[in-house]
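Working notes, beginning with the structure itself.
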Amino acid sequence: MRRVVVTGLGLVSPFGMGFEHSWKELLTGRSAAKRVTEFEVEDLACKIAHVIPRGDGSNG
């Protein structure tokens, strides 16, 4: 078995990028669910989702 060292933690969530920011939002009890506007949902039964925001690539 090989040794592994975890040197950090990252997270991309519907609240945005960053573990600390997302964790704080989760602790408030607020939902990140929203009406989907990124693509056509007219024919779908559900029009609300937890959408992951698209980044500009500057954070990896």
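By convention here, the chains of the structure tokens are called A, B, ... in the order presented, each chain's residues are numbered starting at 1, and ligands are numbered starting at 1 in the order presented.
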
If you run DSSP on the backbone, which residues of region 8-56 of chain A are strand (DSSP E or B), as an NGL selection string?
-> :A and (12-13 or 16-17 or 34-35 or 48-49)

With C-alpha atoms kept, could you save the residues just selected as a PDB file, in the first residue's frame?
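Below is the file that was written, selection.pdb:
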```pdb
ATOM      1  CA  VAL A  12     -16.890  23.565  -5.773  1.00  0.00           C
ATOM      2  CA  SER A  13     -20.552  23.637  -4.763  1.00  0.00           C
ATOM      3  CA  GLY A  16     -19.535  28.816  -5.074  1.00  0.00           C
ATOM      4  CA  MET A  17     -15.878  27.913  -4.859  1.00  0.00           C
ATOM      5  CA  LYS A  34     -32.567  27.985  -7.688  1.00  0.00           C
ATOM      6  CA  ARG A  35     -34.530  28.128 -10.901  1.00  0.00           C
ATOM      7  CA  ILE A  48     -35.229  23.960  -9.854  1.00  0.00           C
ATOM      8  CA  ALA A  49     -31.773  22.513  -9.135  1.00  0.00           C
TER       9      ALA A  49
END
```

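Here the question is which of A:Thr7, A:Pro14, A:Lys47, A:Asp56 gets nearest to Arg30 (chain A) using only C-alpha atoms, and that residue is A:Pro14.
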
Enumerate, as a ChimeraX atom specification, the complete set of residues in chain A that a backbone-based DSSP assignment places in helix (DSSP H, G or I).
-> /A:19-28

Could you write out that same residue set with C-alpha atoms as a JSON list (two decimals), in the first residue's frame?
```
[["chain", "number", "residue", "atom", "x", "y", "z"],
["A", 19, "PHE", "CA", -14.44, 24.91, 1.23],
["A", 20, "GLU", "CA", -14.68, 27.60, 3.91],
["A", 21, "HIS", "CA", -17.22, 29.69, 1.98],
["A", 22, "SER", "CA", -19.40, 26.67, 1.13],
["A", 23, "TRP", "CA", -19.22, 25.33, 4.69],
["A", 24, "LYS", "CA", -20.32, 28.67, 6.17],
["A", 25, "GLU", "CA", -23.27, 28.79, 3.77],
["A", 26, "LEU", "CA", -24.28, 25.23, 4.66],
["A", 27, "LEU", "CA", -24.20, 26.07, 8.37],
["A", 28, "THR", "CA", -26.68, 28.92, 7.84]]
```
